[in-house]
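> Could you have a look at this structure, given as structure tokens, before my questions?
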Amino acid sequence: MSVTLVLGGARSGKSALAERLTLSVAQGAPLYIATAQAWDDEMRERIALHRAQRDGQGWQTLEVPLDLAAALSDIKDQTVLIDCLTLWLTNHLLAEHDLAAETATLLSALAVRAAPTILVSNEVGLGIVPDNALARRFRDDAGRLNQRVAALADTVVFTAAGLPMVLKGALPPGF
Amino acid sequence: MSVTLVLGGARSGKSALAERLTLSVAQGAPLYIATAQAWDDEMRERIALHRAQRDGQGWQTLEVPLDLAAALSDIKDQTVLIDCLTLWLTNHLLAEHDLAAETATLLSALAVRAAPTILVSNEVGLGIVPDNALARRFRDDAGRLNQRVAALADTVVFTAAGLPMVLKGALPPGF
Amino acid sequence: MSVTLVLGGARSGKSALAERLTLSVAQGAPLYIATAQAWDDEMRERIALHRAQRDGQGWQTLEVPLDLAAALSDIKDQTVLIDCLTLWLTNHLLAEHDLAAETATLLSALAVRAAPTILVSNEVGLGIVPDNALARRFRDDAGRLNQRVAALADTVVFTAAGLPMVLKGALPPGF
């Protein structure tokens, strides 16, 4: 098992960094697990465009908005990029699921994988306290989830302006 | 004198990191100075629960919403964790006190301590400019206070997902 | 050509750090390019005060809200500090200019400079997703611009509480 968490803000370049990291460690075609759900045509188009770009580079793509643990259990030997944990959390919050149980299930699934897993997640706690109670709860839940995954991960990087700062472990040579 | 500043966002794990740091350097029972004021029953319960957990680990607890300098002057030889500076700032802002004077008094009190001091503070300036004028002022004041304390501190760490990045000085071995 | 990008949040000390960096590498009087536009008397006073402080330290000052590339082409051999990119972006957004074209022009102008260039920029993507669509667009554009400039830069630092974390390259000795 090798787990890498790529943290970062909006438009920090975290997804591009995570894709490069995944390609550098993958043996065979990596799997891209998208947790995004398309809510409108604009988003559907963006997702399709991004997918076509990855297809050209040899990726497989799976859309998994909720049950990451089940998806991971089928592909223990394939390198996987999960993009992103923050949307997965949002999907479970909107569905009013038990976050503690979902998180525990996900962590167990990550711990038993044989191939590398790379996870992307948003850091959302570095602004002013939100006015909105739901936003405050989301901010707390997202921060707690990041801590849990970081504790399990071998490597954690914080991304700003497309560049990584290593918080734990080490990046492969060349990063 | 040894002063450590633990900066971080909401739910970044900064308090837990600061508690571990304090226990690793304390000779004898450390003192936990809480700057939080309980505004309602929910907060009172959370504070009591957190305090009971610390009591079990040998901490003493003091609630000091405003006059940190006076509290520190009585216990120069005891290791102290102050959690957190951002709430202390909020308390003085709400009381319409002179922040420049309060900050100068606090910095003087930190400078003459014999035992280690660990301070927790929020980084709040990395989001979009707030709409609200009071939030903008708070953001500016919090950033200036962090800069002043960081300039005095021997060690400054930025926490994300429970993990420290060292900005100044060095952490004890094992962190 | 040597390009340094100083990233940071509000009141993170990024401008003061960038000024010290500029003075440490400048041969002769450095040029300060201010992208801020004074919208009211309070801002006009603050800008005048800041300018008077820099004048005393041997700086020249130029106010360039929009056309940085033209300004830079006239002074290829003078060390320049641009403070800040985020306001420059805001000015172009308000003027409804083509950001992709403006960014390309700026990057070309940076690439052909002979003397050092130091740029200050805000990191604004580490809070909760803004409610406001314009704020979300600005956040995306600012993040993309930071990534583009960081890719070109020799040195990139992230500033918190007045202290730099090096993301790329290295700071001169003494920082």
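Residues are named by chain letter and number: chains run A, B, ... in the order of the structure tokens, numbers start at 1 in each chain, and ligands are numbered from 1 in the order shown.
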Mind doing a quick least-squares superposition of chain A onto chain B, all C-alpha atoms paired one-to-one in order, and writing it out as a CSV table (one decimal) with C-alpha atoms, in the first residue's frame?

```csv
chain,number,residue,atom,x,y,z
A,1,MET,CA,12.4,32.1,27.0
A,2,SER,CA,11.3,29.9,24.2
A,3,VAL,CA,8.2,30.9,22.2
A,4,THR,CA,6.5,28.6,19.6
A,5,LEU,CA,3.7,29.8,17.4
A,6,VAL,CA,1.4,27.1,15.8
A,7,LEU,CA,-0.5,28.7,12.9
A,8,GLY,CA,-3.2,26.9,10.9
A,9,GLY,CA,-6.7,27.0,9.4
A,10,ALA,CA,-9.9,25.8,10.9
A,11,ARG,CA,-9.8,22.0,11.7
A,12,SER,CA,-6.2,21.9,10.6
A,13,GLY,CA,-5.1,20.0,13.7
A,14,LYS,CA,-3.2,22.9,15.1
A,15,SER,CA,-4.5,22.6,18.7
A,16,ALA,CA,-3.7,18.9,18.9
A,17,LEU,CA,-0.2,19.5,17.5
A,18,ALA,CA,0.3,22.3,20.0
A,19,GLU,CA,-0.8,20.1,22.9
A,20,ARG,CA,1.7,17.4,21.8
A,21,LEU,CA,4.4,20.0,21.5
A,22,THR,CA,3.7,21.4,24.9
A,23,LEU,CA,3.7,17.9,26.6
A,24,SER,CA,7.1,17.2,24.9
A,25,VAL,CA,8.8,20.2,26.4
A,26,ALA,CA,7.0,20.7,29.7
A,27,GLN,CA,8.8,19.9,32.9
A,28,GLY,CA,6.0,19.4,35.5
A,29,ALA,CA,2.3,20.0,34.8
A,30,PRO,CA,1.7,22.3,31.9
A,31,LEU,CA,-0.9,25.1,32.1
A,32,TYR,CA,-3.5,25.4,29.4
A,33,ILE,CA,-4.8,28.9,28.9
A,34,ALA,CA,-8.2,28.9,27.2
A,35,THR,CA,-9.2,32.3,25.6
A,36,ALA,CA,-12.6,31.0,24.6
A,37,GLN,CA,-15.7,32.3,26.2
A,38,ALA,CA,-18.7,30.0,26.3
A,39,TRP,CA,-21.7,31.8,24.7
A,40,ASP,CA,-24.2,29.0,24.9
A,41,ASP,CA,-24.8,25.6,26.4
A,42,GLU,CA,-23.3,23.7,23.4
A,43,MET,CA,-20.0,25.6,23.7
A,44,ARG,CA,-20.0,25.2,27.5
A,45,GLU,CA,-20.3,21.4,27.1
A,46,ARG,CA,-17.6,21.2,24.5
A,47,ILE,CA,-15.2,23.3,26.7
A,48,ALA,CA,-16.0,21.0,29.7
A,49,LEU,CA,-15.4,17.9,27.7
A,50,HIS,CA,-12.1,19.1,26.3
A,51,ARG,CA,-11.0,20.2,29.8
A,52,ALA,CA,-11.8,16.8,31.3
A,53,GLN,CA,-9.7,15.1,28.6
A,54,ARG,CA,-6.7,17.4,29.4
A,55,ASP,CA,-7.2,17.0,33.2
A,56,GLY,CA,-6.7,13.3,32.7
A,57,GLN,CA,-3.3,14.0,31.0
A,58,GLY,CA,-2.0,16.1,33.9
A,59,TRP,CA,-2.8,19.6,32.6
A,60,GLN,CA,-4.0,22.6,34.6
A,61,THR,CA,-6.5,24.9,32.9
A,62,LEU,CA,-7.1,28.6,33.2
A,63,GLU,CA,-9.7,30.6,31.4
A,64,VAL,CA,-8.3,34.0,30.3
A,65,PRO,CA,-10.4,35.8,27.7
A,66,LEU,CA,-8.6,39.1,27.9
A,67,ASP,CA,-5.6,39.8,30.2
A,68,LEU,CA,-3.1,37.2,29.1
A,69,ALA,CA,-0.1,39.4,30.2
A,70,ALA,CA,-1.3,39.4,33.8
A,71,ALA,CA,-1.9,35.7,33.8
A,72,LEU,CA,1.5,35.0,32.4
A,73,SER,CA,3.3,37.2,34.9
A,74,ASP,CA,2.2,34.9,37.7
A,75,ILE,CA,3.6,31.7,36.2
A,76,LYS,CA,6.9,32.6,34.6
A,77,ASP,CA,8.4,29.2,35.4
A,78,GLN,CA,5.5,27.0,34.1
A,79,THR,CA,5.2,25.8,30.5
A,80,VAL,CA,2.1,27.3,29.0
A,81,LEU,CA,-0.1,26.6,26.0
A,82,ILE,CA,-2.3,29.6,24.9
A,83,ASP,CA,-5.2,28.4,22.7
A,84,CYS,CA,-5.9,30.6,20.9
A,85,LEU,CA,-4.6,34.1,20.0
A,86,THR,CA,-7.4,34.6,17.4
A,87,LEU,CA,-10.1,34.3,20.0
A,88,TRP,CA,-8.1,36.6,22.4
A,89,LEU,CA,-8.0,39.2,19.5
A,90,THR,CA,-11.8,38.7,18.9
A,91,ASN,CA,-12.5,39.3,22.6
A,92,HIS,CA,-10.5,42.5,22.6
A,93,LEU,CA,-12.2,43.7,19.4
A,94,LEU,CA,-15.6,43.0,20.8
A,95,ALA,CA,-14.7,45.0,24.0
A,96,GLU,CA,-13.4,47.8,21.8
A,97,HIS,CA,-10.0,47.8,23.4
A,98,ASP,CA,-6.8,49.4,22.0
A,99,LEU,CA,-5.3,46.5,20.0
A,100,ALA,CA,-1.9,48.1,19.5
A,101,ALA,CA,-1.5,48.6,23.3
A,102,GLU,CA,-2.8,45.1,24.1
A,103,THR,CA,-0.5,43.5,21.6
A,104,ALA,CA,2.5,45.4,23.0
A,105,THR,CA,1.7,44.3,26.5
A,106,LEU,CA,1.3,40.7,25.5
A,107,LEU,CA,4.6,40.7,23.6
A,108,SER,CA,6.4,42.2,26.6
A,109,ALA,CA,5.0,39.5,28.8
A,110,LEU,CA,6.0,36.7,26.4
A,111,ALA,CA,9.6,38.1,26.2
A,112,VAL,CA,10.3,37.9,29.9
A,113,ARG,CA,9.0,34.3,30.5
A,114,ALA,CA,11.5,31.7,31.7
A,115,ALA,CA,9.5,28.6,30.7
A,116,PRO,CA,8.4,27.6,27.2
A,117,THR,CA,5.2,29.3,25.8
A,118,ILE,CA,3.3,27.7,22.9
A,119,LEU,CA,0.7,29.8,21.2
A,120,VAL,CA,-2.0,28.7,18.8
A,121,SER,CA,-3.4,31.1,16.1
A,122,ASN,CA,-5.6,31.0,13.1
A,123,GLU,CA,-4.5,31.9,9.6
A,124,VAL,CA,-7.6,33.6,8.1
A,125,GLY,CA,-6.2,35.6,5.2
A,126,LEU,CA,-6.1,33.0,2.4
A,127,GLY,CA,-9.7,33.3,1.1
A,128,ILE,CA,-11.5,35.8,-1.0
A,129,VAL,CA,-11.8,39.4,0.4
A,130,PRO,CA,-14.8,39.3,2.7
A,131,ASP,CA,-17.8,41.5,1.8
A,132,ASN,CA,-18.2,42.5,5.4
A,133,ALA,CA,-16.1,45.5,6.6
A,134,LEU,CA,-15.8,44.1,10.1
A,135,ALA,CA,-14.5,40.8,8.7
A,136,ARG,CA,-12.0,42.7,6.6
A,137,ARG,CA,-10.8,44.6,9.7
A,138,PHE,CA,-10.6,41.4,11.7
A,139,ARG,CA,-8.6,39.7,9.0
A,140,ASP,CA,-6.1,42.6,8.9
A,141,ASP,CA,-5.8,42.7,12.7
A,142,ALA,CA,-5.3,38.9,12.9
A,143,GLY,CA,-2.7,38.9,10.2
A,144,ARG,CA,-0.7,41.7,11.8
A,145,LEU,CA,-0.9,40.0,15.2
A,146,ASN,CA,0.4,36.7,13.7
A,147,GLN,CA,3.3,38.7,12.1
A,148,ARG,CA,4.2,40.3,15.4
A,149,VAL,CA,4.2,37.1,17.4
A,150,ALA,CA,6.1,35.2,14.7
A,151,ALA,CA,8.8,37.9,14.7
A,152,LEU,CA,9.3,37.3,18.4
A,153,ALA,CA,8.9,33.5,18.3
A,154,ASP,CA,11.9,31.1,18.1
A,155,THR,CA,9.8,28.5,16.3
A,156,VAL,CA,6.8,29.0,13.9
A,157,VAL,CA,4.9,26.2,12.2
A,158,PHE,CA,2.1,26.2,9.8
A,159,THR,CA,-0.3,23.3,10.2
A,160,ALA,CA,-2.3,21.6,7.4
A,161,ALA,CA,-4.2,18.3,7.8
A,162,GLY,CA,-2.6,17.8,11.2
A,163,LEU,CA,1.0,18.1,9.8
A,164,PRO,CA,3.5,20.8,10.5
A,165,MET,CA,5.5,22.9,8.0
A,166,VAL,CA,8.3,24.7,9.8
A,167,LEU,CA,8.5,28.4,8.9
A,168,LYS,CA,11.1,29.3,11.5
A,169,GLY,CA,13.4,27.5,14.0
A,170,ALA,CA,12.9,23.8,14.4
A,171,LEU,CA,10.6,21.3,16.1
A,172,PRO,CA,11.8,18.9,18.8
A,173,PRO,CA,12.9,15.5,17.5
A,174,GLY,CA,9.9,13.2,16.8
A,175,PHE,CA,7.6,15.8,15.1
```
> List every residue of stretch 16-168 of chain B that DSSP, applied to the backbone of this structure, assigns to strand (DSSP E), and report them as a VMD selection string.
chain B and resid 31 to 34 60 to 63 80 to 83 116 to 122 155 to 160 163 to 168
> May I have the residues from that selection written out with N, CA and C atoms, as a short mmCIF file (atom, residue, chain, number, x, y, z; two decimals), in the first residue's frame?

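After the write, result.cif holds the following:
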```cif
data_model
loop_
_atom_site.label_atom_id
_atom_site.label_comp_id
_atom_site.auth_asym_id
_atom_site.auth_seq_id
_atom_site.Cartn_x
_atom_site.Cartn_y
_atom_site.Cartn_z
N LEU B 31 0.37 24.34 31.86
CA LEU B 31 -0.85 25.12 32.04
C LEU B 31 -1.48 25.37 30.67
N TYR B 32 -2.77 25.08 30.59
CA TYR B 32 -3.53 25.36 29.37
C TYR B 32 -4.31 26.64 29.60
N ILE B 33 -4.02 27.68 28.84
CA ILE B 33 -4.80 28.91 28.94
C ILE B 33 -5.79 28.95 27.78
N ALA B 34 -7.08 28.86 28.15
CA ALA B 34 -8.15 28.91 27.15
C ALA B 34 -8.64 30.35 27.04
N GLN B 60 -3.16 21.64 33.92
CA GLN B 60 -4.00 22.60 34.64
C GLN B 60 -4.65 23.49 33.59
N THR B 61 -5.83 24.04 33.90
CA THR B 61 -6.53 24.89 32.93
C THR B 61 -6.90 26.23 33.56
N LEU B 62 -6.71 27.29 32.79
CA LEU B 62 -7.08 28.63 33.23
C LEU B 62 -7.86 29.27 32.08
N GLU B 63 -8.97 29.94 32.39
CA GLU B 63 -9.71 30.65 31.34
C GLU B 63 -9.36 32.12 31.40
N VAL B 80 3.44 26.89 29.27
CA VAL B 80 2.07 27.35 29.02
C VAL B 80 1.71 27.16 27.55
N LEU B 81 0.50 26.67 27.35
CA LEU B 81 -0.10 26.64 26.00
C LEU B 81 -1.27 27.63 25.99
N ILE B 82 -1.23 28.58 25.05
CA ILE B 82 -2.32 29.55 24.91
C ILE B 82 -3.12 29.20 23.65
N ASP B 83 -4.39 28.86 23.83
CA ASP B 83 -5.23 28.40 22.72
C ASP B 83 -6.57 29.14 22.79
N PRO B 116 8.88 27.57 28.57
CA PRO B 116 8.35 27.62 27.20
C PRO B 116 6.90 28.10 27.12
N THR B 117 6.60 28.84 26.08
CA THR B 117 5.24 29.26 25.77
C THR B 117 4.91 28.76 24.37
N ILE B 118 3.76 28.12 24.25
CA ILE B 118 3.28 27.66 22.94
C ILE B 118 1.98 28.41 22.66
N LEU B 119 1.88 29.04 21.52
CA LEU B 119 0.67 29.79 21.18
C LEU B 119 0.04 29.22 19.91
N VAL B 120 -1.29 29.10 19.93
CA VAL B 120 -2.04 28.66 18.75
C VAL B 120 -2.71 29.87 18.13
N SER B 121 -2.69 29.97 16.80
CA SER B 121 -3.38 31.08 16.15
C SER B 121 -3.91 30.65 14.79
N ASN B 122 -5.00 31.29 14.38
CA ASN B 122 -5.61 30.97 13.08
C ASN B 122 -5.03 31.82 11.96
N THR B 155 10.26 29.54 17.19
CA THR B 155 9.79 28.49 16.29
C THR B 155 8.38 28.85 15.80
N VAL B 156 8.16 28.75 14.49
CA VAL B 156 6.83 28.99 13.93
C VAL B 156 6.52 27.84 12.99
N VAL B 157 5.36 27.23 13.17
CA VAL B 157 4.93 26.18 12.24
C VAL B 157 3.57 26.52 11.69
N PHE B 158 3.36 26.10 10.44
CA PHE B 158 2.07 26.22 9.76
C PHE B 158 1.52 24.81 9.68
N THR B 159 0.29 24.60 10.12
CA THR B 159 -0.28 23.27 10.19
C THR B 159 -1.32 23.07 9.08
N ALA B 160 -1.26 21.94 8.39
CA ALA B 160 -2.31 21.58 7.42
C ALA B 160 -2.54 20.08 7.55
N LEU B 163 -0.48 18.17 9.97
CA LEU B 163 0.97 18.05 9.78
C LEU B 163 1.63 19.43 9.79
N PRO B 164 2.80 19.54 10.42
CA PRO B 164 3.46 20.84 10.51
C PRO B 164 4.43 21.11 9.36
N MET B 165 4.43 22.37 8.91
CA MET B 165 5.51 22.87 8.04
C MET B 165 6.26 23.90 8.87
N VAL B 166 7.56 23.74 8.99
CA VAL B 166 8.33 24.67 9.81
C VAL B 166 8.65 25.93 9.02
N LEU B 167 8.25 27.09 9.56
CA LEU B 167 8.53 28.38 8.92
C LEU B 167 9.74 29.05 9.54
N LYS B 168 10.06 28.69 10.77
CA LYS B 168 11.15 29.35 11.52
C LYS B 168 11.58 28.40 12.62
#
```
> Please return as an MDAnalysis selection string: the residues of stretch 2-175 of chain C that backbone DSSP assigns to alpha helix (DSSP H).
chainID C and resid 14:25 41:56 68:73 85:94 99:111 133:152
> Next, dump the selected residues to file, keeping only C-alpha atoms, as a compact mmCIF listing (two decimals), in the first residue's frame.

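File produced: out_36.txt:
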```txt
# COMPACT_ATOMS: atom_id res chain seq x y z
CA LYS C 14 4.30 39.41 1.58
CA SER C 15 4.90 43.03 0.46
CA ALA C 16 7.45 43.73 3.21
CA LEU C 17 9.24 40.48 2.37
CA ALA C 18 9.23 41.35 -1.35
CA GLU C 19 10.64 44.83 -0.61
CA ARG C 20 13.50 43.34 1.44
CA LEU C 21 14.17 40.79 -1.32
CA THR C 22 14.22 43.53 -3.96
CA LEU C 23 16.66 45.70 -2.00
CA SER C 24 18.93 42.69 -1.46
CA VAL C 25 19.30 42.01 -5.20
CA ASP C 41 -9.22 59.72 -0.08
CA GLU C 42 -8.34 57.11 2.54
CA MET C 43 -6.65 54.95 -0.07
CA ARG C 44 -4.94 57.99 -1.66
CA GLU C 45 -3.46 58.87 1.74
CA ARG C 46 -2.25 55.33 2.40
CA ILE C 47 -0.61 55.13 -1.03
CA ALA C 48 1.10 58.53 -0.53
CA LEU C 49 2.38 57.50 2.91
CA HIS C 50 3.74 54.19 1.66
CA ARG C 51 5.39 55.96 -1.29
CA ALA C 52 7.07 58.54 0.96
CA GLN C 53 8.51 55.70 3.07
CA ARG C 54 9.95 53.99 -0.02
CA ASP C 55 11.31 57.29 -1.45
CA GLY C 56 13.36 57.63 1.75
CA LEU C 68 2.67 46.20 -17.11
CA ALA C 69 4.27 44.82 -20.28
CA ALA C 70 4.75 48.30 -21.78
CA ALA C 71 6.16 49.64 -18.51
CA LEU C 72 8.60 46.73 -18.24
CA SER C 73 9.83 47.08 -21.83
CA LEU C 85 -0.49 40.94 -9.58
CA THR C 86 -3.89 40.35 -7.96
CA LEU C 87 -4.83 44.02 -8.25
CA TRP C 88 -3.55 44.08 -11.83
CA LEU C 89 -5.87 41.14 -12.55
CA THR C 90 -8.77 42.92 -10.83
CA ASN C 91 -8.17 46.04 -12.91
CA HIS C 92 -8.29 44.01 -16.15
CA LEU C 93 -11.40 42.12 -15.00
CA LEU C 94 -13.20 45.39 -14.21
CA LEU C 99 -7.25 37.95 -19.55
CA ALA C 100 -5.61 35.19 -21.57
CA ALA C 101 -4.13 37.76 -23.97
CA GLU C 102 -3.06 40.12 -21.16
CA THR C 103 -1.41 37.26 -19.28
CA ALA C 104 0.48 36.09 -22.38
CA THR C 105 1.74 39.64 -23.01
CA LEU C 106 2.89 39.99 -19.40
CA LEU C 107 4.69 36.64 -19.41
CA SER C 108 6.53 37.55 -22.63
CA ALA C 109 7.62 40.86 -21.12
CA LEU C 110 8.90 39.09 -17.97
CA ALA C 111 10.83 36.52 -19.99
CA ALA C 133 -20.34 33.99 -9.02
CA LEU C 134 -18.01 36.93 -9.70
CA ALA C 135 -15.90 36.04 -6.66
CA ARG C 136 -15.69 32.43 -7.86
CA ARG C 137 -14.55 33.57 -11.31
CA PHE C 138 -11.97 35.94 -9.78
CA ARG C 139 -10.69 33.12 -7.55
CA ASP C 140 -10.26 30.85 -10.57
CA ASP C 141 -8.53 33.56 -12.64
CA ALA C 142 -6.20 34.53 -9.78
CA GLY C 143 -5.22 30.91 -9.19
CA ARG C 144 -4.54 30.33 -12.89
CA LEU C 145 -2.43 33.51 -13.12
CA ASN C 146 -0.38 32.47 -10.07
CA GLN C 147 0.27 29.07 -11.66
CA ARG C 148 1.41 30.66 -14.95
CA VAL C 149 3.78 33.11 -13.27
CA ALA C 150 5.09 30.41 -10.88
CA ALA C 151 5.89 28.14 -13.85
CA LEU C 152 8.03 30.92 -15.39
```
